[in-house]
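K.L.:
Quick one, start-v4.pdb (PDB, C-alpha atoms):
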```
ATOM      1  CA  MET A   1     -31.913  35.071 -83.397
ATOM      2  CA  ALA A   2     -28.582  36.826 -82.896
ATOM      3  CA  ILE A   3     -25.421  34.847 -83.655
ATOM      4  CA  LEU A   4     -23.776  36.423 -80.595
ATOM      5  CA  SER A   5     -25.557  38.176 -77.748
ATOM      6  CA  VAL A   6     -23.654  39.836 -74.902
ATOM      7  CA  LYS A   7     -25.573  41.071 -71.867
ATOM      8  CA  ASN A   8     -24.178  43.278 -69.089
ATOM      9  CA  LEU A   9     -20.681  41.845 -69.469
ATOM     10  CA  THR A  10     -18.270  43.049 -66.784
ATOM     11  CA  LYS A  11     -14.697  42.204 -65.846
ATOM     12  CA  ILE A  12     -13.137  43.564 -62.662
ATOM     13  CA  PHE A  13      -9.465  43.007 -61.894
ATOM     14  CA  ILE A  14      -8.113  43.262 -58.372
ATOM     15  CA  LYS A  15      -4.864  45.177 -58.087
ATOM     16  CA  ARG A  16      -2.916  44.905 -54.875
ATOM     17  CA  SER A  17      -0.935  47.823 -53.491
ATOM     18  CA  GLY A  18       0.655  46.800 -50.212
ATOM     19  CA  PHE A  19      -2.221  45.700 -48.009
ATOM     20  CA  LYS A  20      -4.811  47.491 -50.143
ATOM     21  CA  LYS A  21      -6.925  45.940 -52.844
ATOM     22  CA  ASN A  22      -7.966  48.243 -55.680
ATOM     23  CA  LYS A  23     -10.671  47.268 -58.146
ATOM     24  CA  PHE A  24     -10.207  48.092 -61.809
ATOM     25  CA  ARG A  25     -13.135  47.711 -64.230
ATOM     26  CA  SER A  26     -11.578  46.653 -67.516
ATOM     27  CA  VAL A  27     -14.990  45.982 -69.066
ATOM     28  CA  ASP A  28     -17.961  47.770 -67.553
ATOM     29  CA  ASP A  29     -21.487  46.418 -68.120
ATOM     30  CA  ILE A  30     -21.455  46.189 -71.939
ATOM     31  CA  SER A  31     -24.262  44.705 -74.029
ATOM     32  CA  PHE A  32     -24.484  44.135 -77.789
ATOM     33  CA  ASN A  33     -25.642  41.682 -80.463
ATOM     34  CA  ILE A  34     -24.107  40.461 -83.701
ATOM     35  CA  GLU A  35     -26.567  39.259 -86.330
ATOM     36  CA  LYS A  36     -26.043  36.640 -89.022
ATOM     37  CA  GLY A  37     -23.792  38.016 -91.755
ATOM     38  CA  GLU A  38     -22.935  41.161 -89.817
ATOM     39  CA  ILE A  39     -19.409  42.520 -89.426
ATOM     40  CA  LEU A  40     -19.234  44.443 -86.164
ATOM     41  CA  GLY A  41     -16.201  46.650 -85.580
ATOM     42  CA  LEU A  42     -14.851  47.036 -82.055
ATOM     43  CA  LEU A  43     -12.791  50.199 -81.662
ATOM     44  CA  GLY A  44     -10.995  51.769 -78.740
ATOM     45  CA  SER A  45      -7.619  53.064 -77.649
ATOM     46  CA  ASN A  46      -5.159  50.747 -75.921
ATOM     47  CA  GLY A  47      -6.591  49.835 -72.527
ATOM     48  CA  ALA A  48     -10.193  50.482 -73.572
ATOM     49  CA  GLY A  49     -11.188  46.845 -72.945
ATOM     50  CA  LYS A  50     -11.133  45.281 -76.431
ATOM     51  CA  THR A  51      -8.707  42.444 -75.663
ATOM     52  CA  THR A  52     -10.429  41.671 -72.361
ATOM     53  CA  THR A  53     -13.784  41.494 -74.146
ATOM     54  CA  ILE A  54     -12.460  39.099 -76.792
ATOM     55  CA  SER A  55     -10.796  36.956 -74.120
ATOM     56  CA  MET A  56     -14.157  36.557 -72.361
ATOM     57  CA  LEU A  57     -15.868  35.757 -75.681
ATOM     58  CA  LEU A  58     -13.346  32.926 -76.109
ATOM     59  CA  SER A  59     -13.627  31.818 -72.453
ATOM     60  CA  THR A  60      -9.900  32.323 -71.869
ATOM     61  CA  LEU A  61     -10.964  34.873 -69.237
ATOM     62  CA  VAL A  62     -13.892  34.439 -66.852
ATOM     63  CA  PRO A  63     -16.275  37.410 -66.587
ATOM     64  CA  THR A  64     -17.005  38.945 -63.217
ATOM     65  CA  SER A  65     -20.657  39.142 -64.246
ATOM     66  CA  GLY A  66     -22.875  39.118 -67.320
ATOM     67  CA  GLN A  67     -24.016  36.604 -69.910
ATOM     68  CA  ILE A  68     -22.758  35.495 -73.322
ATOM     69  CA  TYR A  69     -24.967  33.610 -75.771
ATOM     70  CA  TYR A  70     -23.865  32.105 -79.078
ATOM     71  CA  PHE A  71     -26.582  30.838 -81.444
ATOM     72  CA  GLY A  72     -29.125  31.267 -78.619
ATOM     73  CA  LYS A  73     -27.172  28.990 -76.250
ATOM     74  CA  ASP A  74     -25.540  29.958 -72.979
ATOM     75  CA  PHE A  75     -21.788  29.985 -73.641
ATOM     76  CA  PHE A  76     -20.659  28.751 -70.249
ATOM     77  CA  ASN A  77     -22.964  25.734 -70.286
ATOM     78  CA  ASN A  78     -22.204  24.797 -73.906
ATOM     79  CA  ARG A  79     -18.595  25.916 -74.312
ATOM     80  CA  SER A  80     -17.178  22.960 -76.245
ATOM     81  CA  SER A  81     -20.000  22.631 -78.773
ATOM     82  CA  ILE A  82     -20.107  26.393 -79.361
ATOM     83  CA  LEU A  83     -16.366  26.899 -79.887
ATOM     84  CA  LYS A  84     -16.413  24.408 -82.783
ATOM     85  CA  ASN A  85     -18.301  27.102 -84.691
ATOM     86  CA  VAL A  86     -16.240  30.078 -83.538
ATOM     87  CA  GLY A  87     -13.050  31.069 -85.370
ATOM     88  CA  PHE A  88     -10.364  33.339 -83.956
ATOM     89  CA  ALA A  89      -7.248  35.002 -85.338
ATOM     90  CA  SER A  90      -5.019  37.703 -83.937
ATOM     91  CA  ALA A  91      -1.843  39.388 -85.087
ATOM     92  CA  TYR A  92      -0.639  39.042 -81.493
ATOM     93  CA  GLN A  93      -1.137  35.280 -81.060
ATOM     94  CA  SER A  94       1.129  32.483 -82.249
ATOM     95  CA  LEU A  95       1.105  28.720 -82.662
ATOM     96  CA  PRO A  96       3.081  26.089 -80.675
ATOM     97  CA  GLN A  97       6.699  26.366 -81.789
ATOM     98  CA  VAL A  98       7.526  22.657 -81.725
ATOM     99  CA  LEU A  99       5.298  21.780 -84.684
ATOM    100  CA  THR A 100       5.231  22.480 -88.396
ATOM    101  CA  VAL A 101       2.478  24.628 -89.877
ATOM    102  CA  GLU A 102       0.689  21.543 -91.200
ATOM    103  CA  GLN A 103       0.928  19.733 -87.859
ATOM    104  CA  SER A 104      -0.401  22.756 -85.989
ATOM    105  CA  LEU A 105      -3.343  23.165 -88.337
ATOM    106  CA  LYS A 106      -4.137  19.456 -88.111
ATOM    107  CA  VAL A 107      -4.237  19.685 -84.315
ATOM    108  CA  PHE A 108      -6.710  22.553 -84.493
ATOM    109  CA  GLY A 109      -8.679  20.765 -87.203
ATOM    110  CA  LYS A 110      -9.146  17.802 -84.901
ATOM    111  CA  LEU A 111     -10.121  20.089 -82.010
ATOM    112  CA  TYR A 112     -12.733  21.695 -84.281
ATOM    113  CA  GLU A 113     -13.795  18.169 -85.360
ATOM    114  CA  VAL A 114     -13.175  18.834 -89.035
ATOM    115  CA  PRO A 115     -13.703  15.459 -90.794
ATOM    116  CA  SER A 116     -10.320  13.820 -91.468
ATOM    117  CA  LYS A 117     -11.168  13.209 -95.140
ATOM    118  CA  ASN A 118     -11.626  16.965 -95.645
ATOM    119  CA  LEU A 119      -8.892  18.322 -93.372
ATOM    120  CA  ASN A 120      -5.863  18.014 -95.676
ATOM    121  CA  LYS A 121      -7.739  19.594 -98.586
ATOM    122  CA  LYS A 122      -9.010  22.400 -96.360
ATOM    123  CA  ILE A 123      -5.499  23.159 -95.068
ATOM    124  CA  ASP A 124      -4.083  23.270 -98.598
ATOM    125  CA  GLU A 125      -6.884  25.553 -99.840
ATOM    126  CA  LEU A 126      -6.504  28.037 -96.990
ATOM    127  CA  LEU A 127      -2.712  28.152 -97.138
ATOM    128  CA  GLU A 128      -2.971  28.720-100.891
ATOM    129  CA  PHE A 129      -5.494  31.517-100.472
ATOM    130  CA  PHE A 130      -3.438  33.337 -97.854
ATOM    131  CA  GLY A 131      -0.353  33.014-100.060
ATOM    132  CA  VAL A 132       1.737  30.691 -97.892
ATOM    133  CA  PRO A 133       1.516  27.154 -99.361
ATOM    134  CA  ASP A 134       5.314  26.924 -99.165
ATOM    135  CA  LEU A 135       5.122  27.173 -95.345
ATOM    136  CA  LYS A 136       3.244  23.900 -94.950
ATOM    137  CA  TYR A 137       6.233  21.905 -93.718
ATOM    138  CA  LYS A 138       8.049  24.787 -92.028
ATOM    139  CA  SER A 139       8.401  24.924 -88.251
ATOM    140  CA  THR A 140       6.223  27.644 -86.744
ATOM    141  CA  SER A 141       9.226  28.807 -84.711
ATOM    142  CA  PHE A 142      10.786  30.187 -87.917
ATOM    143  CA  LEU A 143       7.767  32.145 -89.168
ATOM    144  CA  SER A 144       7.923  35.914 -89.518
ATOM    145  CA  ALA A 145       5.175  38.022 -87.933
ATOM    146  CA  GLY A 146       3.384  38.377 -91.265
ATOM    147  CA  GLU A 147       3.647  34.652 -92.022
ATOM    148  CA  MET A 148       2.321  33.764 -88.575
ATOM    149  CA  THR A 149      -0.646  36.096 -89.050
ATOM    150  CA  ARG A 150      -1.555  34.418 -92.346
ATOM    151  CA  VAL A 151      -1.313  30.939 -90.822
ATOM    152  CA  MET A 152      -3.471  32.080 -87.892
ATOM    153  CA  LEU A 153      -6.062  33.331 -90.381
ATOM    154  CA  ALA A 154      -6.031  29.919 -92.074
ATOM    155  CA  LYS A 155      -6.610  28.316 -88.665
ATOM    156  CA  ALA A 156      -9.583  30.604 -87.989
ATOM    157  CA  PHE A 157     -11.473  29.345 -91.059
ATOM    158  CA  LEU A 158     -10.633  25.628 -90.836
ATOM    159  CA  SER A 159     -14.021  24.584 -89.488
ATOM    160  CA  ASP A 160     -16.187  26.828 -91.705
ATOM    161  CA  PRO A 161     -17.194  28.805 -88.593
ATOM    162  CA  LYS A 162     -20.456  30.678 -88.173
ATOM    163  CA  ILE A 163     -18.706  33.587 -86.472
ATOM    164  CA  VAL A 164     -15.066  34.709 -86.462
ATOM    165  CA  LEU A 165     -13.371  37.006 -83.963
ATOM    166  CA  LEU A 166     -10.572  38.906 -85.719
ATOM    167  CA  ASP A 167      -8.180  40.939 -83.567
ATOM    168  CA  GLU A 168      -6.059  43.258 -85.737
ATOM    169  CA  PRO A 169      -5.984  40.621 -88.504
ATOM    170  CA  THR A 170      -4.002  42.742 -90.984
ATOM    171  CA  ALA A 171      -1.640  44.505 -88.547
ATOM    172  CA  SER A 172       1.559  42.846 -89.792
ATOM    173  CA  LEU A 173       0.580  42.193 -93.398
ATOM    174  CA  ASP A 174       1.763  43.843 -96.606
ATOM    175  CA  PRO A 175      -0.890  46.087 -98.208
ATOM    176  CA  ASP A 176      -1.671  43.652-101.033
ATOM    177  CA  VAL A 177      -2.163  40.734 -98.620
ATOM    178  CA  ALA A 178      -4.248  42.916 -96.269
ATOM    179  CA  HIS A 179      -6.437  43.811 -99.264
ATOM    180  CA  ASP A 180      -6.945  40.105-100.037
ATOM    181  CA  VAL A 181      -7.848  39.403 -96.396
ATOM    182  CA  ARG A 182     -10.525  42.100 -96.462
ATOM    183  CA  LYS A 183     -11.908  40.681 -99.717
ATOM    184  CA  PHE A 184     -11.978  37.217 -98.130
ATOM    185  CA  VAL A 185     -13.844  38.535 -95.067
ATOM    186  CA  LEU A 186     -16.438  40.252 -97.272
ATOM    187  CA  TYR A 187     -16.800  37.102 -99.398
ATOM    188  CA  GLN A 188     -17.402  34.971 -96.299
ATOM    189  CA  ARG A 189     -20.090  37.407 -95.152
ATOM    190  CA  GLU A 190     -21.845  37.767 -98.488
ATOM    191  CA  HIS A 191     -21.710  34.166 -99.716
ATOM    192  CA  LYS A 192     -21.662  32.111 -96.504
ATOM    193  CA  GLY A 193     -23.401  34.407 -94.029
ATOM    194  CA  VAL A 194     -20.446  34.369 -91.623
ATOM    195  CA  SER A 195     -20.562  36.958 -88.832
ATOM    196  CA  PHE A 196     -17.480  38.802 -87.575
ATOM    197  CA  LEU A 197     -16.244  40.790 -84.618
ATOM    198  CA  PHE A 198     -13.451  42.891 -86.089
ATOM    199  CA  THR A 199     -10.891  45.035 -84.260
ATOM    200  CA  SER A 200      -8.410  47.250 -86.059
ATOM    201  CA  HIS A 201      -6.538  50.516 -85.694
ATOM    202  CA  ASN A 202      -6.859  51.025 -89.447
ATOM    203  CA  MET A 203      -9.934  53.249 -89.682
ATOM    204  CA  SER A 204     -10.236  53.058 -93.475
ATOM    205  CA  GLU A 205     -10.238  49.261 -93.166
ATOM    206  CA  VAL A 206     -13.024  49.368 -90.570
ATOM    207  CA  THR A 207     -15.023  51.726 -92.794
ATOM    208  CA  GLU A 208     -14.590  49.347 -95.741
ATOM    209  CA  VAL A 209     -15.666  46.092 -94.089
ATOM    210  CA  CYS A 210     -17.833  46.845 -91.046
ATOM    211  CA  ASN A 211     -21.618  47.251 -91.103
ATOM    212  CA  ARG A 212     -21.603  48.728 -87.619
ATOM    213  CA  VAL A 213     -19.051  49.900 -85.061
ATOM    214  CA  LEU A 214     -18.932  49.858 -81.261
ATOM    215  CA  VAL A 215     -16.557  52.295 -79.597
ATOM    216  CA  LEU A 216     -15.134  51.372 -76.203
ATOM    217  CA  LYS A 217     -13.675  53.866 -73.771
ATOM    218  CA  SER A 218     -12.631  53.010 -70.222
ATOM    219  CA  GLY A 219     -14.470  49.712 -70.530
ATOM    220  CA  LYS A 220     -17.814  51.241 -71.562
ATOM    221  CA  ILE A 221     -19.554  51.380 -74.937
ATOM    222  CA  ILE A 222     -19.788  55.088 -75.775
ATOM    223  CA  ALA A 223     -21.035  54.784 -79.366
ATOM    224  CA  ASP A 224     -22.871  52.285 -81.564
ATOM    225  CA  ASP A 225     -23.379  53.374 -85.171
ATOM    226  CA  THR A 226     -22.322  52.796 -88.763
ATOM    227  CA  PRO A 227     -18.836  54.037 -89.773
ATOM    228  CA  VAL A 228     -20.452  56.813 -91.812
ATOM    229  CA  GLY A 229     -22.763  57.706 -88.942
ATOM    230  CA  LEU A 230     -19.847  58.069 -86.538
ATOM    231  CA  ALA A 231     -17.894  60.211 -89.013
ATOM    232  CA  GLN A 232     -20.893  62.525 -89.355
ATOM    233  CA  LYS A 233     -20.779  63.236 -85.623
ATOM    234  CA  VAL A 234     -17.610  65.240 -86.272
ATOM    235  CA  HIS A 235     -18.534  68.825 -87.108
ATOM    236  CA  GLY A 236     -16.195  70.387 -89.600
ATOM    237  CA  THR A 237     -15.014  69.879 -93.148
ATOM    238  CA  LYS A 238     -11.432  70.581 -94.224
ATOM    239  CA  ILE A 239     -10.764  72.638 -97.336
ATOM    240  CA  ASN A 240      -7.233  72.467 -98.720
ATOM    241  CA  LEU A 241      -6.116  75.329-100.969
ATOM    242  CA  LEU A 242      -2.938  76.231-102.827
ATOM    243  CA  ILE A 243      -2.998  80.041-102.800
ATOM    244  CA  SER A 244      -1.540  81.847-105.762
ATOM    245  CA  GLU A 245      -2.413  85.413-104.751
ATOM    246  CA  ASN A 246      -3.236  87.377-101.546
ATOM    247  CA  LEU A 247      -2.293  84.734 -98.953
ATOM    248  CA  GLU A 248      -1.846  87.347 -96.197
ATOM    249  CA  LYS A 249      -5.241  88.822 -96.958
ATOM    250  CA  LEU A 250      -6.783  85.356 -96.595
ATOM    251  CA  ILE A 251      -5.016  84.730 -93.276
ATOM    252  CA  ASN A 252      -6.236  88.044 -91.866
ATOM    253  CA  PHE A 253      -9.774  87.299 -93.038
ATOM    254  CA  LEU A 254      -9.772  83.883 -91.334
ATOM    255  CA  LYS A 255      -8.403  85.341 -88.098
ATOM    256  CA  ASN A 256     -11.049  88.077 -88.065
ATOM    257  CA  LYS A 257     -13.811  85.482 -88.589
ATOM    258  CA  ASN A 258     -12.326  83.113 -85.939
ATOM    259  CA  ILE A 259     -12.081  80.307 -88.509
ATOM    260  CA  LEU A 260      -9.598  77.544 -87.724
ATOM    261  CA  PHE A 261      -6.796  77.080 -90.229
ATOM    262  CA  GLU A 262      -3.256  75.804 -90.695
ATOM    263  CA  HIS A 263      -0.812  76.828 -93.386
ATOM    264  CA  ASP A 264       2.523  75.683 -94.735
ATOM    265  CA  GLY A 265       3.931  78.029 -97.335
ATOM    266  CA  ASN A 266       1.166  78.717 -99.836
ATOM    267  CA  TYR A 267      -0.815  75.631 -98.812
ATOM    268  CA  ILE A 268      -3.606  76.344 -96.336
ATOM    269  CA  THR A 269      -6.137  74.039 -94.669
ATOM    270  CA  ILE A 270      -9.362  75.620 -93.428
ATOM    271  CA  GLU A 271     -11.813  73.890 -91.095
ATOM    272  CA  ILE A 272     -15.414  74.929 -91.582
ATOM    273  CA  LEU A 273     -18.943  73.510 -91.464
ATOM    274  CA  GLU A 274     -19.986  71.852 -94.711
ATOM    275  CA  ASP A 275     -22.940  74.189 -95.278
ATOM    276  CA  GLN A 276     -20.597  77.207 -95.080
ATOM    277  CA  ILE A 277     -18.318  76.145 -97.943
ATOM    278  CA  SER A 278     -20.143  78.093-100.652
ATOM    279  CA  TRP A 279     -20.181  81.206 -98.421
ATOM    280  CA  LEU A 280     -16.428  80.910 -97.829
ATOM    281  CA  LEU A 281     -15.585  80.542-101.516
ATOM    282  CA  LYS A 282     -17.684  83.591-102.351
ATOM    283  CA  GLU A 283     -15.914  85.602 -99.642
ATOM    284  CA  LEU A 284     -12.520  84.594-101.042
ATOM    285  CA  SER A 285     -13.594  85.754-104.468
ATOM    286  CA  ASP A 286     -14.784  89.079-103.047
ATOM    287  CA  ILE A 287     -11.403  89.801-101.441
ATOM    288  CA  ASN A 288      -9.498  88.655-104.553
ATOM    289  CA  VAL A 289      -7.889  85.571-103.015
ATOM    290  CA  ASN A 290      -6.929  83.264-105.880
ATOM    291  CA  PHE A 291      -5.999  79.594-105.691
ATOM    292  CA  THR A 292      -4.790  76.985-108.173
ATOM    293  CA  GLU A 293      -5.722  73.830-106.247
ATOM    294  CA  ILE A 294      -8.659  72.891-104.035
ATOM    295  CA  SER A 295      -9.719  69.697-102.277
ATOM    296  CA  ILE A 296     -12.496  69.155 -99.767
ATOM    297  CA  ASN A 297     -12.190  66.448 -97.129
ATOM    298  CA  LYS A 298     -15.283  65.431 -95.211
ATOM    299  CA  PRO A 299     -14.848  63.997 -91.674
ATOM    300  CA  THR A 300     -13.828  60.351 -91.545
ATOM    301  CA  LEU A 301     -14.058  57.583 -88.968
ATOM    302  CA  GLU A 302     -10.450  58.366 -88.067
ATOM    303  CA  ASP A 303     -11.411  61.971 -87.307
ATOM    304  CA  TYR A 304     -14.159  60.700 -85.009
ATOM    305  CA  PHE A 305     -11.796  58.258 -83.287
ATOM    306  CA  LEU A 306      -9.134  60.925 -82.709
ATOM    307  CA  ASN A 307     -11.781  63.289 -81.385
ATOM    308  CA  VAL A 308     -13.023  60.692 -78.889
ATOM    309  CA  ALA A 309      -9.515  59.626 -77.871
ATOM    310  CA  SER A 310      -8.557  63.222 -77.075
ATOM    311  CA  ARG A 311     -11.413  63.685 -74.610
ATOM    312  CA  ARG A 312     -10.865  63.050 -70.916
TER     313      ARG A 312
END
```
Hey, can you dump this file as structure tokens for me?

P.N.:
Amino acid sequence: MAILSVKNLTKIFIKRSGFKKNKFRSVDDISFNIEKGEILGLLGSNGAGKTTTISMLLSTLVPTSGQIYYFGKDFFNNRSSILKNVGFASAYQSLPQVLTVEQSLKVFGKLYEVPSKNLNKKIDELLEFFGVPDLKYKSTSFLSAGEMTRVMLAKAFLSDPKIVLLDEPTASLDPDVAHDVRKFVLYQREHKGVSFLFTSHNMSEVTEVCNRVLVLKSGKIIADDTPVGLAQKVHGTKINLLISENLEKLINFLKNKNILFEHDGNYITIEILEDQISWLLKELSDINVNFTEISINKPTLEDYFLNVASRR
């Protein structure tokens, strides 16, 4: 049984222009599952429908049509009981600014029905892990963006949830803290079987933590694959060379063969299919092009994302 099952989910907004009503499909008939212990990445450019999808998964936005099931139960008929087992954190959300960090977390702990005898210990443990125990008695109105993100992450794990929705969870964090957050996410998956829906604009981060990735464009799912699988859809490997002799000869050769390249001084980057690398290096030897440095970069998830984003 899937932890989360989404079927034909659609959200249409009505935009008024004078006396006219225009329909805009923010999310367009998407379906997917998240299994126990799976980390599913959700990628897309701004406006692709990621935030709208998460809002519907949290019931802060009502779908136009479609069904959402958590743990095999219909979300809209079992909202309260389901949300006790669903965590959420976003770099773009904040806590009520009239309370301290501890007070805010206690409010959410009670909403999640965390037993009172365990709540204080749980708050202390999570604040310690995310490196902000000193913020416990600080008003949330004085938190920096990075501090707020870490407190929101602590909130997301208060109830030992079965699934956590993370929207850009490391966007405002220092690299060392972001690294710890990723380790924590992987630990929760491996040792507690927690499932995740994970959005990020950091493609290396998505590659590191996600088992599978959905790509949204104009409200539709246009790809569903592993990070490596998506990267392999990009045809072309980049070879970086520092030329020590016969740069002009190399440039003329590449132009004659219609091979894409860029160069800056004696550094040149050549884009070629992976199975043509050995042929290229032999050709360079034959025309006496010498180099002192070489690196080969295979396509990455970021290359795939940029390729998709550039298409109309």

K.L.:
Please compute the atom CA of Val206 of chain A-atom CA of Leu58 of chain A distance, one decimal, in Å.

P.N.:
21.9 Å

K.L.:
Rank A:Gln232, A:Tyr267, A:Leu4, A:Pro227 by their smallest atom-to-atom distance to Glu293 of chain A, using all atoms listed in the file, and report the top residue only.

P.N.:
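Looking at the shortest contact to Glu293 of chain A, the residue is A:Tyr267.
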
K.L.:
Of the residues A:Ser59, A:Ser5, A:Lys110, A:Lys255, which is the one nearest to Asn77 of chain A, using only C-alpha atoms?

P.N.:
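Residue with the minimum atom-to-atom distance to Asn77 of chain A: A:Ser59.
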
K.L.:
Excluding Leu57 of chain A and any residue of its chain fewer than 6 positions from it, enumerate the residues within 12 Å of it, using only C-alpha atoms, and give them as a list in words.

P.N.:
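The neighbour list is Leu4, Ser5, Val6, Lys7, Leu9, Thr10, Lys11, Lys50, Thr51, Pro63, Gly66, Gln67, Ile68, Tyr69, Tyr70, Asp74, Phe75, Phe76, Arg79, Ile82, Leu83, Val86, Gly87, Phe88, Ile163, Val164, Leu165, Leu166 and Leu197 of chain A.
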
K.L.:
Selected residues, C-alpha atoms, written as an mmCIF file, in the frame of the given file, please.

P.N.:
```cif
data_model
loop_
_atom_site.group_PDB
_atom_site.id
_atom_site.type_symbol
_atom_site.label_atom_id
_atom_site.label_comp_id
_atom_site.auth_asym_id
_atom_site.auth_seq_id
_atom_site.Cartn_x
_atom_site.Cartn_y
_atom_site.Cartn_z
ATOM 1 C CA LEU A 4 -23.776 36.423 -80.595
ATOM 2 C CA SER A 5 -25.557 38.176 -77.748
ATOM 3 C CA VAL A 6 -23.654 39.836 -74.902
ATOM 4 C CA LYS A 7 -25.573 41.071 -71.867
ATOM 5 C CA LEU A 9 -20.681 41.845 -69.469
ATOM 6 C CA THR A 10 -18.270 43.049 -66.784
ATOM 7 C CA LYS A 11 -14.697 42.204 -65.846
ATOM 8 C CA LYS A 50 -11.133 45.281 -76.431
ATOM 9 C CA THR A 51 -8.707 42.444 -75.663
ATOM 10 C CA PRO A 63 -16.275 37.410 -66.587
ATOM 11 C CA GLY A 66 -22.875 39.118 -67.320
ATOM 12 C CA GLN A 67 -24.016 36.604 -69.910
ATOM 13 C CA ILE A 68 -22.758 35.495 -73.322
ATOM 14 C CA TYR A 69 -24.967 33.610 -75.771
ATOM 15 C CA TYR A 70 -23.865 32.105 -79.078
ATOM 16 C CA ASP A 74 -25.540 29.958 -72.979
ATOM 17 C CA PHE A 75 -21.788 29.985 -73.641
ATOM 18 C CA PHE A 76 -20.659 28.751 -70.249
ATOM 19 C CA ARG A 79 -18.595 25.916 -74.312
ATOM 20 C CA ILE A 82 -20.107 26.393 -79.361
ATOM 21 C CA LEU A 83 -16.366 26.899 -79.887
ATOM 22 C CA VAL A 86 -16.240 30.078 -83.538
ATOM 23 C CA GLY A 87 -13.050 31.069 -85.370
ATOM 24 C CA PHE A 88 -10.364 33.339 -83.956
ATOM 25 C CA ILE A 163 -18.706 33.587 -86.472
ATOM 26 C CA VAL A 164 -15.066 34.709 -86.462
ATOM 27 C CA LEU A 165 -13.371 37.006 -83.963
ATOM 28 C CA LEU A 166 -10.572 38.906 -85.719
ATOM 29 C CA LEU A 197 -16.244 40.790 -84.618
#
```

K.L.:
Could you pull the residues within 10 Å of segment 238-249 of chain A, counting all atoms listed in the file, minus those fewer than 6 positions along the same chain, as a ChimeraX atom specification?

P.N.:
/A:260-274,277,284,287-299

K.L.:
Mind writing the picked residues with C-alpha atoms as a PDB file, keeping the file's coordinate frame?

P.N.:
```
ATOM      1  CA  LEU A 260      -9.598  77.544 -87.724  1.00  0.00           C
ATOM      2  CA  PHE A 261      -6.796  77.080 -90.229  1.00  0.00           C
ATOM      3  CA  GLU A 262      -3.256  75.804 -90.695  1.00  0.00           C
ATOM      4  CA  HIS A 263      -0.812  76.828 -93.386  1.00  0.00           C
ATOM      5  CA  ASP A 264       2.523  75.683 -94.735  1.00  0.00           C
ATOM      6  CA  GLY A 265       3.931  78.029 -97.335  1.00  0.00           C
ATOM      7  CA  ASN A 266       1.166  78.717 -99.836  1.00  0.00           C
ATOM      8  CA  TYR A 267      -0.815  75.631 -98.812  1.00  0.00           C
ATOM      9  CA  ILE A 268      -3.606  76.344 -96.336  1.00  0.00           C
ATOM     10  CA  THR A 269      -6.137  74.039 -94.669  1.00  0.00           C
ATOM     11  CA  ILE A 270      -9.362  75.620 -93.428  1.00  0.00           C
ATOM     12  CA  GLU A 271     -11.813  73.890 -91.095  1.00  0.00           C
ATOM     13  CA  ILE A 272     -15.414  74.929 -91.582  1.00  0.00           C
ATOM     14  CA  LEU A 273     -18.943  73.510 -91.464  1.00  0.00           C
ATOM     15  CA  GLU A 274     -19.986  71.852 -94.711  1.00  0.00           C
ATOM     16  CA  ILE A 277     -18.318  76.145 -97.943  1.00  0.00           C
ATOM     17  CA  LEU A 284     -12.520  84.594-101.042  1.00  0.00           C
ATOM     18  CA  ILE A 287     -11.403  89.801-101.441  1.00  0.00           C
ATOM     19  CA  ASN A 288      -9.498  88.655-104.553  1.00  0.00           C
ATOM     20  CA  VAL A 289      -7.889  85.571-103.015  1.00  0.00           C
ATOM     21  CA  ASN A 290      -6.929  83.264-105.880  1.00  0.00           C
ATOM     22  CA  PHE A 291      -5.999  79.594-105.691  1.00  0.00           C
ATOM     23  CA  THR A 292      -4.790  76.985-108.173  1.00  0.00           C
ATOM     24  CA  GLU A 293      -5.722  73.830-106.247  1.00  0.00           C
ATOM     25  CA  ILE A 294      -8.659  72.891-104.035  1.00  0.00           C
ATOM     26  CA  SER A 295      -9.719  69.697-102.277  1.00  0.00           C
ATOM     27  CA  ILE A 296     -12.496  69.155 -99.767  1.00  0.00           C
ATOM     28  CA  ASN A 297     -12.190  66.448 -97.129  1.00  0.00           C
ATOM     29  CA  LYS A 298     -15.283  65.431 -95.211  1.00  0.00           C
ATOM     30  CA  PRO A 299     -14.848  63.997 -91.674  1.00  0.00           C
TER      31      PRO A 299
END
```

K.L.:
Skip Leu143 of chain A itself and residues of its chain fewer than 3 positions away, then list as a list in words all residues within 12 Å of it, counting all atoms listed in the file.

P.N.:
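Residues meeting the cut-off are Ser94, Leu95, Pro96, Gln97, Leu99, Thr100, Val101, Val132, Asp134, Leu135, Lys136, Tyr137, Lys138, Ser139, Thr140, Gly146, Glu147, Met148, Thr149, Arg150, Val151 and Met152 of chain A.
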
K.L.:
For this file, the PyMOL selection byres ((chain A and resi 171-180) around 12) selects which residues, as JSON, numbers by chain?

P.N.:
{"A": [89, 90, 91, 92, 93, 129, 130, 131, 132, 144, 145, 146, 147, 148, 149, 150, 151, 153, 166, 167, 168, 169, 170, 181, 182, 183, 184, 185, 186, 187, 199, 200, 201, 202, 204, 205, 208, 209]}

K.L.:
Using only C-alpha atoms, which residue out of A:Ser116, A:Ser65, A:Gly37, A:Lys122 lies closest to Gln188 of chain A?

P.N.:
A:Gly37

K.L.:
Check the smallest atom-to-atom distance from each of A:Gly219, A:Gly72, A:Pro133, A:Gly44 to Ala154 of chain A using only C-alpha atoms, then report the winner.

P.N.:
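Of A:Gly219, A:Gly72, A:Pro133, A:Gly44, the one nearest Ala154 of chain A is A:Pro133, counting only C-alpha atoms.
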
K.L.:
Mind working out the centre and edge lengths of an axis-aligned box for segment 229-232 of chain A, all listed atoms inside, 4 Å added to each side, rounded to one decimal in Å and written as lines of an AutoDock Vina configuration file?

P.N.:
```
center_x = -20.3
center_y = 60.1
center_z = -87.9
size_x = 12.9
size_y = 12.8
size_z = 10.8
```
